Every structure is written in C-alpha cells, then in structure tokens.
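Written out below as structure tokens is the structure these notes cover.
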Amino acid sequence: MISAQHPMIDKLSNLKAISIKRHPINKDSNTLYLPMYFNTAQIIEKYNFNELPKDREVIRIHLAYTRYKEVDTFNQKRLNRNRFIKLYEKFPELFNSNEIEWRIYEQVKATRHEVAQKELHGFVIFMRKPRDWSSLTKERSLIDKLLLDFHDSTIVVPDKKVYRIRRKRVSTGKYIPVRYDKQEKGIRYKNPSIWGREPEYKLVYDTLGFKTIKGSSRKIGIFNGNILANSDEYESLANRKFEGNWAIVSDVTASMSPYSAQVLAFLKTNSEFRKKSNLAFFNDGDGKPESLKKLGYSGGIYYVGGNDIDSVYYTMLTAMKNGDGGDYPENNIEAVVRAINKWPKTDSILLIADSRAMVKDIRLLRYIKKPVCVLLCGNVNGDISEDYLEIARQTKGCIIQTDGDLRVYKKLKNGEIVENNGREYRYSKNSLLLNEY
C-alpha cells in the first residue's frame, strides 16, 4: 500500500502519547472531528466527511484513544499507525505540511469496556482562518509611515481653572399623574390626591467654585495629521515619570497598529527608560481556535529586551504576524504574569491595552503581586471598563491618562464620583463613566 510508505506515517506513529483523563469535545466552527470505532481504524460513517473547509487552514491534529484494552497482547501502536494511514488516504495534503502540530492523547479515565466504547477515538482537526497578509502589510506600512513622519515638541501649558459642578434633585412642588397619557401631555397637579401621585423633581446644576491646576510644560507627539485623530497615547507616556525597572506588556492584536506606533515612538525618544525595561508583545494565542486555548496557557507572547529599538520593532512585528487579528477578549493577565516570571526583578508593569477589548483571563488577577499601570489605547481619557479598573485597583497600580494617573484603591459604590485633573467620573455597573457637561 503506497500510503503506508509515506515517511510521516512512521514518524507520527512513534510520537509519545500524552496521558489525560478525557479529551475535551468542543462545539467550535474551527474544530472538526473524525471519530473511529473502538479498537478499529474504521471511521464512523455518520460523522465521515470528504473535504476540508476551503476557507480554513489546519494548524493542529490530535489522535485520541483510550488506554483500556481487553487483552494484554493488544498492539495500540499498530492501531495508531492504521488510523494515520486512514487519515492519509482521505487527506494526503495534511501529511505534506510543515505548519501542522501533531499530538497523540491517551485517555485513562475509562476502566470498563462499555465506558471505553463511548470515549472519543480518532482524530480532532483544529483550524483557523488564513492570515490576511494584505492586512498585515497595511498595518506595518501604517506603523512605518507614522514613525517616519514623527517628531516631538514641547509646549507650555498655562494655569487652568477648573469649575466644580454639583447636581441635585429639587422638588418642583407639583405632582405627576398616575395615568401615562396625562404624563405625556405634561399635565401636573398641585396635590397628591387619593391616587397617590408621585412628586416631580428636576435636576439643578450648581457651580461650587473652582480650583487652579498649575501650568507646566509638556511634550507632544506630532505625527501625520491625516492618519491619527490624536496622539494621546504618546503624550500620556512622554509626560509621565517612570521610576525603577519596568516590564512593558503590549497588546498587538487587531486595530492596535496606530497605538503601537506611538508606543514605539515613545521608546525611540526615551532610550534611557527603554534600556532599563523589558517588553512582552501578546496576540492571544498565535491564531489558535478558542477550543485550544486553556486559561493562562493561550500563548502568543513574544519577549525582548529594551536595549535595541530595532529588536523591539521586529519582535513586535513577529507577534503581529503570528496572530490572527481577531476581536476576541485578550489574554492580558497571562501576558503580565509570564512577563513577571521571566523578569522577576521588575518593579512595575506598563500594560498597553485595547480599551474596547475585554480581559478574558481576569480570574488570574490574584497571581499579580506587582503594580500594573494601564494605558487604555483608543480612549485614554474616556470610560474605564470593569476589567481594567480592577487590574489597577487590586494591584495598587493606576490608569495612565494624558495629564496624570488615575488611582482608585478602594471598592467604589454605585453612583460614587471620582475626579482626576478636572475630569469627573461616575461609578456605574462596575465601570467608571466619564461625565461630560
């Protein structure tokens, strides 16, 4: 048989099996199952298929079987080989790829025949959408253009008077009718009557005086005006003092290119800070399907020292290239924990995060024992979502903004007001929402 002569058949048959209780089964559009009958290489017809999706690329294949055997002389290695042959006969192209990771899993939970028969036997094929290389090229071109056109400048900011405004509910002295149609017509009454009409209130805004924010000089980043709406990310970093040893942990998933360019510009013009820092770029798993990502083990994290700006640049590009550009919640906490483990002398963490993306591994926050300062790209001075607020609060870190850090060390109550350099935030539904008047 020609298929049995393919060199990959013997190589795969000799892979060492990994023992697990039971191979997980997930319903995922990027996962295919090719199950076989217990103790045979025969595909279960009900689940058989003859074509792989043309809009996906295979990245990993698992062969799963149970350790349980009915006779001691049973040859599992031979059965594994026959199963690989069967897969080769259906999809020979899989055996010619250098991009596929192969694994064999031996399930040990079943100890009886009737249980073992019901376990997964056969292949699990994991896929992903092919990387849009044109998109990556555009992202790189955007970063290069922003860095090429970039220069910084210093401006003098004069003293600023900030007025404090208080809102309060004031009774109008009137009562709202019970009937909705009368409410809509604007009808109001002078007394509550026997119907129990509710009193009407209105919001009144009072000015409580002002405070003066002392003027200063500050750096601004000047990029190509046709590309960036603002340079808040650059200015937030350039006008902040960083003391001690830092690890910079940066998201490089979809749509982060304009902000990554600003971070690179800051690192390029602040070599003293860069050289005593280390960097970790993360892309949430190198494009793996979600079913392959375990909490804390998604991967896709790339490390580099800060001494050489070119090494920083190319490490960031590698992380971007190997990601899939998706909009899933990100593995921020995993990246921070691994950066701390890699560089234990780190004093603080600078987390460069996408303000729109949720943190999928927030449950791991308790493992971070060093301050994390978060730069929320795309909305530096705007609303602060629950996940990032908790990261800053629980680690005794901060939210970095253009004109100073916002720090919250206590658990806030619903409706509580937090001020930072003239901006007022209201705590609502576990998030800080910017009050705009």
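Labels for the structure tokens follow display order: chains A, B, ..., residues from 1 in each chain, ligands from 1.
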
Open item on the list: So that I can check the surroundings of range 129-142 of chain A, please list as a list in words every protein, DNA and RNA residue that reaches within 9 Å of it, counting only C-alpha atoms and ignoring chain neighbours fewer than 3 positions away.
Closed with: Asn30, Asp55, Arg56, Glu57, Val58, Lys145, Leu146, Leu147, Ile227, Ser255, Met256, Ser257, Pro258, Ala261, Gly287, Leu317, Met320, Lys321, Asn322, Gly323, Asp324 and Gly325 of chain A

Given the selection you just returned, output its residues as a file containing N, CA and C atoms, formatted as a compact mmCIF listing (two decimals), in the first residue's frame.
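File produced: result.txt:
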# COMPACT_ATOMS: atom_id res chain seq x y z
N ASN A 30 -14.19 26.03 14.17
CA ASN A 30 -12.81 25.80 13.75
C ASN A 30 -12.29 24.42 14.18
N ASP A 55 -11.92 27.67 3.32
CA ASP A 55 -11.62 28.98 3.91
C ASP A 55 -10.91 28.86 5.26
N ARG A 56 -10.34 27.67 5.54
CA ARG A 56 -9.63 27.45 6.78
C ARG A 56 -8.29 26.78 6.48
N GLU A 57 -7.33 26.93 7.41
CA GLU A 57 -6.08 26.21 7.32
C GLU A 57 -5.91 25.38 8.58
N VAL A 58 -5.42 24.16 8.44
CA VAL A 58 -5.25 23.25 9.57
C VAL A 58 -3.98 23.62 10.32
N LYS A 145 5.03 54.52 8.41
CA LYS A 145 4.75 55.89 7.99
C LYS A 145 4.65 56.81 9.21
N LEU A 146 3.97 56.32 10.27
CA LEU A 146 3.83 57.14 11.47
C LEU A 146 5.19 57.43 12.10
N LEU A 147 6.04 56.41 12.12
CA LEU A 147 7.37 56.61 12.72
C LEU A 147 8.24 57.51 11.85
N ILE A 227 -3.58 60.66 9.51
CA ILE A 227 -3.72 59.27 9.95
C ILE A 227 -4.28 59.18 11.36
N SER A 255 -6.28 46.17 15.05
CA SER A 255 -6.52 47.61 15.18
C SER A 255 -5.62 48.32 16.18
N MET A 256 -4.58 47.66 16.67
CA MET A 256 -3.69 48.30 17.63
C MET A 256 -2.51 49.02 16.96
N SER A 257 -2.40 48.92 15.64
CA SER A 257 -1.24 49.49 14.94
C SER A 257 -1.00 50.97 15.20
N PRO A 258 -2.03 51.85 15.15
CA PRO A 258 -1.76 53.27 15.41
C PRO A 258 -1.21 53.53 16.80
N ALA A 261 2.47 52.17 17.14
CA ALA A 261 3.42 53.13 16.56
C ALA A 261 3.75 54.23 17.56
N GLY A 287 -3.28 32.86 16.88
CA GLY A 287 -4.34 32.48 15.95
C GLY A 287 -4.96 31.13 16.20
N LEU A 317 6.61 43.10 15.31
CA LEU A 317 6.09 42.67 14.01
C LEU A 317 5.87 41.16 13.97
N MET A 320 2.69 40.38 15.76
CA MET A 320 1.55 40.76 14.91
C MET A 320 1.35 39.73 13.80
N LYS A 321 2.45 39.32 13.17
CA LYS A 321 2.39 38.38 12.04
C LYS A 321 1.80 37.03 12.45
N ASN A 322 2.15 36.56 13.64
CA ASN A 322 1.72 35.24 14.06
C ASN A 322 0.34 35.22 14.70
N GLY A 323 -0.23 36.40 14.94
CA GLY A 323 -1.59 36.46 15.47
C GLY A 323 -2.59 36.39 14.33
N ASP A 324 -3.88 36.36 14.71
CA ASP A 324 -4.90 36.26 13.67
C ASP A 324 -5.70 37.54 13.49
N GLY A 325 -5.36 38.57 14.31
CA GLY A 325 -6.06 39.84 14.14
C GLY A 325 -7.50 39.80 14.57

TODO: Name the residues of range 9-222 of chain A that come out as alpha helix (DSSP H) in a backbone DSSP run; write them as a ChimeraX atom specification.
DONE: /A:9-13,76-90,113-116,133-149,180-184

Output for the residues just chosen: N, CA and C atoms as a compact mmCIF listing (two decimals), in the first residue's frame:
# COMPACT_ATOMS: atom_id res chain seq x y z
N ILE A 9 4.05 8.75 8.19
CA ILE A 9 3.25 7.73 8.88
C ILE A 9 4.04 7.13 10.04
N ASP A 10 5.28 6.70 9.75
CA ASP A 10 6.11 6.11 10.82
C ASP A 10 6.48 7.14 11.87
N LYS A 11 6.78 8.35 11.42
CA LYS A 11 7.16 9.39 12.38
C LYS A 11 6.02 9.68 13.35
N LEU A 12 4.82 9.81 12.85
CA LEU A 12 3.67 10.11 13.70
C LEU A 12 3.31 8.93 14.59
N SER A 13 3.46 7.73 14.07
CA SER A 13 3.13 6.53 14.86
C SER A 13 4.04 6.39 16.07
N GLN A 76 -1.45 -1.25 20.55
CA GLN A 76 -2.01 0.09 20.32
C GLN A 76 -1.23 0.86 19.26
N LYS A 77 0.09 0.68 19.25
CA LYS A 77 0.91 1.40 18.27
C LYS A 77 0.53 1.02 16.85
N ARG A 78 0.23 -0.26 16.63
CA ARG A 78 -0.17 -0.70 15.29
C ARG A 78 -1.51 -0.07 14.91
N LEU A 79 -2.45 -0.01 15.87
CA LEU A 79 -3.75 0.60 15.59
C LEU A 79 -3.58 2.09 15.27
N ASN A 80 -2.72 2.77 16.03
CA ASN A 80 -2.47 4.18 15.75
C ASN A 80 -1.95 4.38 14.33
N ARG A 81 -1.05 3.48 13.92
CA ARG A 81 -0.47 3.57 12.58
C ARG A 81 -1.56 3.39 11.52
N ASN A 82 -2.44 2.42 11.73
CA ASN A 82 -3.52 2.18 10.78
C ASN A 82 -4.48 3.37 10.70
N ARG A 83 -4.66 4.03 11.84
CA ARG A 83 -5.52 5.21 11.84
C ARG A 83 -4.87 6.37 11.08
N PHE A 84 -3.57 6.53 11.22
CA PHE A 84 -2.87 7.57 10.45
C PHE A 84 -2.94 7.26 8.95
N ILE A 85 -2.84 5.98 8.62
CA ILE A 85 -2.95 5.58 7.21
C ILE A 85 -4.32 5.94 6.66
N LYS A 86 -5.35 5.69 7.45
CA LYS A 86 -6.72 6.01 7.02
C LYS A 86 -6.87 7.51 6.80
N LEU A 87 -6.30 8.31 7.71
CA LEU A 87 -6.38 9.76 7.55
C LEU A 87 -5.62 10.20 6.31
N TYR A 88 -4.47 9.56 6.05
CA TYR A 88 -3.67 9.90 4.87
C TYR A 88 -4.45 9.60 3.58
N GLU A 89 -5.16 8.50 3.58
CA GLU A 89 -5.93 8.13 2.39
C GLU A 89 -7.02 9.15 2.08
N LYS A 90 -7.57 9.77 3.13
CA LYS A 90 -8.62 10.77 2.92
C LYS A 90 -8.04 12.15 2.59
N HIS A 113 -15.15 -1.79 29.53
CA HIS A 113 -15.38 -1.82 28.09
C HIS A 113 -16.52 -0.90 27.68
N GLU A 114 -17.66 -0.97 28.41
CA GLU A 114 -18.83 -0.19 28.00
C GLU A 114 -18.58 1.32 28.12
N VAL A 115 -17.69 1.71 29.02
CA VAL A 115 -17.34 3.13 29.15
C VAL A 115 -16.34 3.53 28.07
N ALA A 116 -15.33 2.69 27.84
CA ALA A 116 -14.29 2.99 26.85
C ALA A 116 -14.88 3.15 25.46
N TRP A 133 -2.70 38.53 4.83
CA TRP A 133 -1.37 39.13 4.71
C TRP A 133 -1.43 40.56 4.19
N SER A 134 -2.44 40.86 3.39
CA SER A 134 -2.57 42.24 2.91
C SER A 134 -2.87 43.18 4.07
N SER A 135 -3.67 42.68 5.03
CA SER A 135 -3.97 43.49 6.21
C SER A 135 -2.72 43.72 7.04
N LEU A 136 -1.90 42.67 7.20
CA LEU A 136 -0.66 42.80 7.96
C LEU A 136 0.28 43.80 7.28
N THR A 137 0.35 43.74 5.95
CA THR A 137 1.19 44.67 5.20
C THR A 137 0.74 46.12 5.42
N LYS A 138 -0.58 46.31 5.44
CA LYS A 138 -1.11 47.65 5.68
C LYS A 138 -0.77 48.13 7.09
N GLU A 139 -0.88 47.22 8.06
CA GLU A 139 -0.57 47.59 9.44
C GLU A 139 0.90 47.99 9.58
N ARG A 140 1.78 47.20 8.95
CA ARG A 140 3.20 47.53 9.02
C ARG A 140 3.49 48.85 8.32
N SER A 141 2.86 49.07 7.16
CA SER A 141 3.07 50.32 6.43
C SER A 141 2.60 51.51 7.24
N LEU A 142 1.48 51.32 7.97
CA LEU A 142 0.96 52.38 8.81
C LEU A 142 1.95 52.73 9.91
N ILE A 143 2.49 51.71 10.56
CA ILE A 143 3.46 51.94 11.64
C ILE A 143 4.70 52.64 11.08
N ASP A 144 5.20 52.15 9.95
CA ASP A 144 6.41 52.74 9.36
C ASP A 144 6.19 54.21 8.99
N LYS A 145 5.03 54.52 8.41
CA LYS A 145 4.75 55.89 7.99
C LYS A 145 4.65 56.81 9.21
N LEU A 146 3.97 56.32 10.27
CA LEU A 146 3.83 57.14 11.47
C LEU A 146 5.19 57.43 12.10
N LEU A 147 6.04 56.41 12.12
CA LEU A 147 7.37 56.61 12.72
C LEU A 147 8.24 57.51 11.85
N LEU A 148 8.09 57.40 10.53
CA LEU A 148 8.89 58.21 9.61
C LEU A 148 8.53 59.68 9.73
N ASP A 149 7.24 59.97 9.88
CA ASP A 149 6.77 61.36 9.93
C ASP A 149 6.81 61.95 11.33
N TYR A 180 -50.40 57.36 32.27
CA TYR A 180 -49.25 57.66 31.41
C TYR A 180 -49.60 58.69 30.34
N ASP A 181 -50.84 58.64 29.79
CA ASP A 181 -51.21 59.57 28.72
C ASP A 181 -51.22 61.01 29.22
N LYS A 182 -51.59 61.20 30.48
CA LYS A 182 -51.57 62.53 31.07
C LYS A 182 -50.13 62.99 31.31
N GLN A 183 -49.26 62.05 31.71
CA GLN A 183 -47.85 62.38 31.89
C GLN A 183 -47.26 62.89 30.58
N GLU A 184 -47.63 62.19 29.48
CA GLU A 184 -47.10 62.55 28.17
C GLU A 184 -47.54 63.95 27.74

Task: Contacts of Thr31 in chain A within 6 Å, only C-alpha atoms, excl. fewer than 3 positions in-chain, as a ChimeraX atom specification - done: /A:28,125-126

Task: Counting only C-alpha atoms, the residue of A:Gly306, A:Gly244, A:Lys370, A:Leu295 that sits nearest Leu267 in chain A - done: A:Gly306

Open item on the list: as a PyMOL selection string, please: every residue in range 98-213 of chain A that a backbone DSSP assignment puts in strand (DSSP E).
Closed with: chain A and resi 101-107+122-128+151-157+160-176+198-213

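In this comparison, which uses only C-alpha atoms, the residue of A:Ser277, A:Thr172, A:Gln5, A:Asn98 approaching Thr346 in chain A most closely is A:Ser277.
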
All residues 10 Å or closer to range 390-405 of chain A, only C-alpha atoms, same chain fewer than 4 positions away omitted, as a compact mmCIF listing (two decimals) with C-alpha atoms, in the first residue's frame:
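After the write, around23.txt holds the following:
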# COMPACT_ATOMS: atom_id res chain seq x y z
CA ARG A 218 4.65 69.14 28.31
CA SER A 231 -1.51 61.42 19.92
CA ASP A 232 -2.93 60.81 23.40
CA GLU A 233 -1.10 57.51 23.79
CA TYR A 234 2.32 59.05 23.07
CA GLU A 235 1.70 62.10 25.26
CA SER A 236 0.43 60.03 28.19
CA LEU A 237 3.73 58.14 28.25
CA ALA A 238 6.07 61.01 27.31
CA ASN A 239 4.84 63.28 30.11
CA ARG A 240 4.98 60.67 32.85
CA ILE A 333 -3.30 38.75 32.60
CA SER A 348 6.14 47.67 37.88
CA ILE A 349 4.17 46.69 34.77
CA LEU A 350 3.06 49.03 31.96
CA LEU A 351 0.09 47.33 30.27
CA ILE A 352 -0.68 48.70 26.79
CA VAL A 359 -9.89 40.69 29.53
CA ILE A 362 -9.34 38.32 34.67
CA LEU A 365 -5.55 38.65 38.53
CA ARG A 366 -4.81 37.34 42.04
CA TYR A 367 -1.46 35.99 40.80
CA ILE A 368 -0.14 39.51 40.05
CA LYS A 369 1.72 40.91 43.05
CA LYS A 370 3.25 44.00 41.41
CA PRO A 371 1.66 47.32 40.42
CA VAL A 372 0.13 47.42 36.95
CA CYS A 373 -0.34 50.78 35.24
CA VAL A 374 -2.77 50.56 32.31
CA LEU A 375 -2.77 52.71 29.17
CA LEU A 376 -6.19 52.32 27.52
CA ASN A 379 -9.89 56.03 24.72
CA VAL A 380 -7.12 57.28 27.00
CA ASN A 381 -9.24 59.82 28.90
CA GLY A 382 -12.65 58.19 28.45
CA ILE A 384 -12.83 52.83 32.11
CA SER A 385 -14.30 49.34 31.92
CA GLU A 386 -14.64 46.99 34.86
CA TYR A 409 -7.52 51.91 45.81
CA LYS A 410 -10.93 51.25 47.39
CA LYS A 411 -14.03 49.42 46.20
CA ASN A 420 -8.86 63.28 38.05
CA ASN A 421 -7.31 66.53 36.80
CA GLY A 422 -10.59 68.24 36.04
CA ASN A 430 -18.66 48.25 37.87
CA SER A 431 -17.22 50.78 35.39

TODO: Name all residues at most 10 Å from Tyr105 in chain A (count only C-alpha atoms; drop same-chain ones fewer than 6 positions away) and give them as a list in words.
DONE: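 Surrounding residues, per the criterion: Leu15, Lys16, Ala17, Ile18, Ser19, Ile20, Lys21, Arg22, His23, His62, Leu63, Ala64, Tyr65, Thr66, Arg67 and His121 of chain A.
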
Quick one: write out the picked residues with C-alpha atoms as an mmCIF file, in the first residue's frame?
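Output contents, as saved in out.cif:
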data_model
loop_
_atom_site.group_PDB
_atom_site.id
_atom_site.type_symbol
_atom_site.label_atom_id
_atom_site.label_comp_id
_atom_site.auth_asym_id
_atom_site.auth_seq_id
_atom_site.Cartn_x
_atom_site.Cartn_y
_atom_site.Cartn_z
ATOM 1 C CA LEU A 15 5.036 10.030 18.816
ATOM 2 C CA LYS A 16 4.888 9.662 22.594
ATOM 3 C CA ALA A 17 1.299 9.713 23.824
ATOM 4 C CA ILE A 18 0.192 12.312 26.380
ATOM 5 C CA SER A 19 -1.956 10.885 29.181
ATOM 6 C CA ILE A 20 -5.164 12.752 30.017
ATOM 7 C CA LYS A 21 -8.385 11.735 31.750
ATOM 8 C CA ARG A 22 -10.549 12.518 28.738
ATOM 9 C CA HIS A 23 -10.036 14.525 25.565
ATOM 10 C CA HIS A 62 -4.885 15.197 17.701
ATOM 11 C CA LEU A 63 -5.226 11.409 17.618
ATOM 12 C CA ALA A 64 -7.174 10.272 20.691
ATOM 13 C CA TYR A 65 -7.666 6.748 22.064
ATOM 14 C CA THR A 66 -8.359 5.064 25.414
ATOM 15 C CA ARG A 67 -5.738 3.186 27.422
ATOM 16 C CA HIS A 121 -11.399 7.563 19.309
#

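The spacing separating CA of Asp286 in chain A from CA of Ile100 in chain A amounts to 13.2 Å.
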
Would you mind listing what lies within 10 Å of Leu34 in chain A as a PDB file with N, CA and C atoms, in the first residue's frame, with only C-alpha atoms counted and same-chain residues fewer than 4 positions away left out?
ATOM      1  N   ILE A  43     -13.796   4.564  10.182  1.00  0.00           N
ATOM      2  CA  ILE A  43     -14.457   5.834  10.505  1.00  0.00           C
ATOM      3  C   ILE A  43     -15.949   5.591  10.710  1.00  0.00           C
ATOM      4  N   ILE A  44     -16.518   6.212  11.722  1.00  0.00           N
ATOM      5  CA  ILE A  44     -17.958   6.123  11.958  1.00  0.00           C
ATOM      6  C   ILE A  44     -18.657   6.892  10.847  1.00  0.00           C
ATOM      7  N   GLU A  45     -19.432   6.197  10.045  1.00  0.00           N
ATOM      8  CA  GLU A  45     -19.981   6.749   8.815  1.00  0.00           C
ATOM      9  C   GLU A  45     -20.807   8.016   9.046  1.00  0.00           C
ATOM     10  N   LYS A  46     -21.513   8.044  10.157  1.00  0.00           N
ATOM     11  CA  LYS A  46     -22.382   9.178  10.464  1.00  0.00           C
ATOM     12  C   LYS A  46     -21.600  10.485  10.501  1.00  0.00           C
ATOM     13  N   TYR A  47     -20.332  10.415  10.911  1.00  0.00           N
ATOM     14  CA  TYR A  47     -19.520  11.620  11.070  1.00  0.00           C
ATOM     15  C   TYR A  47     -18.461  11.780   9.988  1.00  0.00           C
ATOM     16  N   ASN A  48     -18.516  10.949   8.962  1.00  0.00           N
ATOM     17  CA  ASN A  48     -17.489  10.979   7.915  1.00  0.00           C
ATOM     18  C   ASN A  48     -17.665  12.210   7.024  1.00  0.00           C
ATOM     19  N   PHE A  49     -16.573  12.731   6.513  1.00  0.00           N
ATOM     20  CA  PHE A  49     -16.614  13.834   5.555  1.00  0.00           C
ATOM     21  C   PHE A  49     -15.419  13.681   4.631  1.00  0.00           C
ATOM     22  N   LEU A  63      -4.699  12.775  17.677  1.00  0.00           N
ATOM     23  CA  LEU A  63      -5.226  11.409  17.618  1.00  0.00           C
ATOM     24  C   LEU A  63      -5.521  11.005  19.062  1.00  0.00           C
ATOM     25  N   LEU A  87      -6.298   8.305   7.711  1.00  0.00           N
ATOM     26  CA  LEU A  87      -6.381   9.762   7.554  1.00  0.00           C
ATOM     27  C   LEU A  87      -5.618  10.201   6.306  1.00  0.00           C
ATOM     28  N   LEU A 120     -13.927   9.258  22.990  1.00  0.00           N
ATOM     29  CA  LEU A 120     -13.504   9.689  21.659  1.00  0.00           C
ATOM     30  C   LEU A 120     -12.339   8.834  21.177  1.00  0.00           C
ATOM     31  N   HIS A 121     -12.482   8.277  19.985  1.00  0.00           N
ATOM     32  CA  HIS A 121     -11.399   7.563  19.309  1.00  0.00           C
ATOM     33  C   HIS A 121     -11.308   8.117  17.896  1.00  0.00           C
ATOM     34  N   GLY A 122     -10.111   8.482  17.484  1.00  0.00           N
ATOM     35  CA  GLY A 122      -9.961   9.047  16.153  1.00  0.00           C
ATOM     36  C   GLY A 122      -9.309  10.410  16.203  1.00  0.00           C
ATOM     37  N   PHE A 123      -9.629  11.251  15.219  1.00  0.00           N
ATOM     38  CA  PHE A 123      -8.892  12.495  15.027  1.00  0.00           C
ATOM     39  C   PHE A 123      -9.728  13.740  15.349  1.00  0.00           C
ATOM     40  N   VAL A 124      -9.020  14.725  15.922  1.00  0.00           N
ATOM     41  CA  VAL A 124      -9.591  16.058  16.122  1.00  0.00           C
ATOM     42  C   VAL A 124      -8.728  17.018  15.307  1.00  0.00           C
ATOM     43  N   ILE A 125      -9.355  17.744  14.387  1.00  0.00           N
ATOM     44  CA  ILE A 125      -8.635  18.621  13.465  1.00  0.00           C
ATOM     45  C   ILE A 125      -8.959  20.069  13.812  1.00  0.00           C
TER      46      ILE A 125
END

TODO: Find, counting only C-alpha atoms, the residue in A:Gln262, A:Gln42, A:Ser355, A:Thr253 that gets nearest to Thr318 in chain A.
DONE: A:Thr253
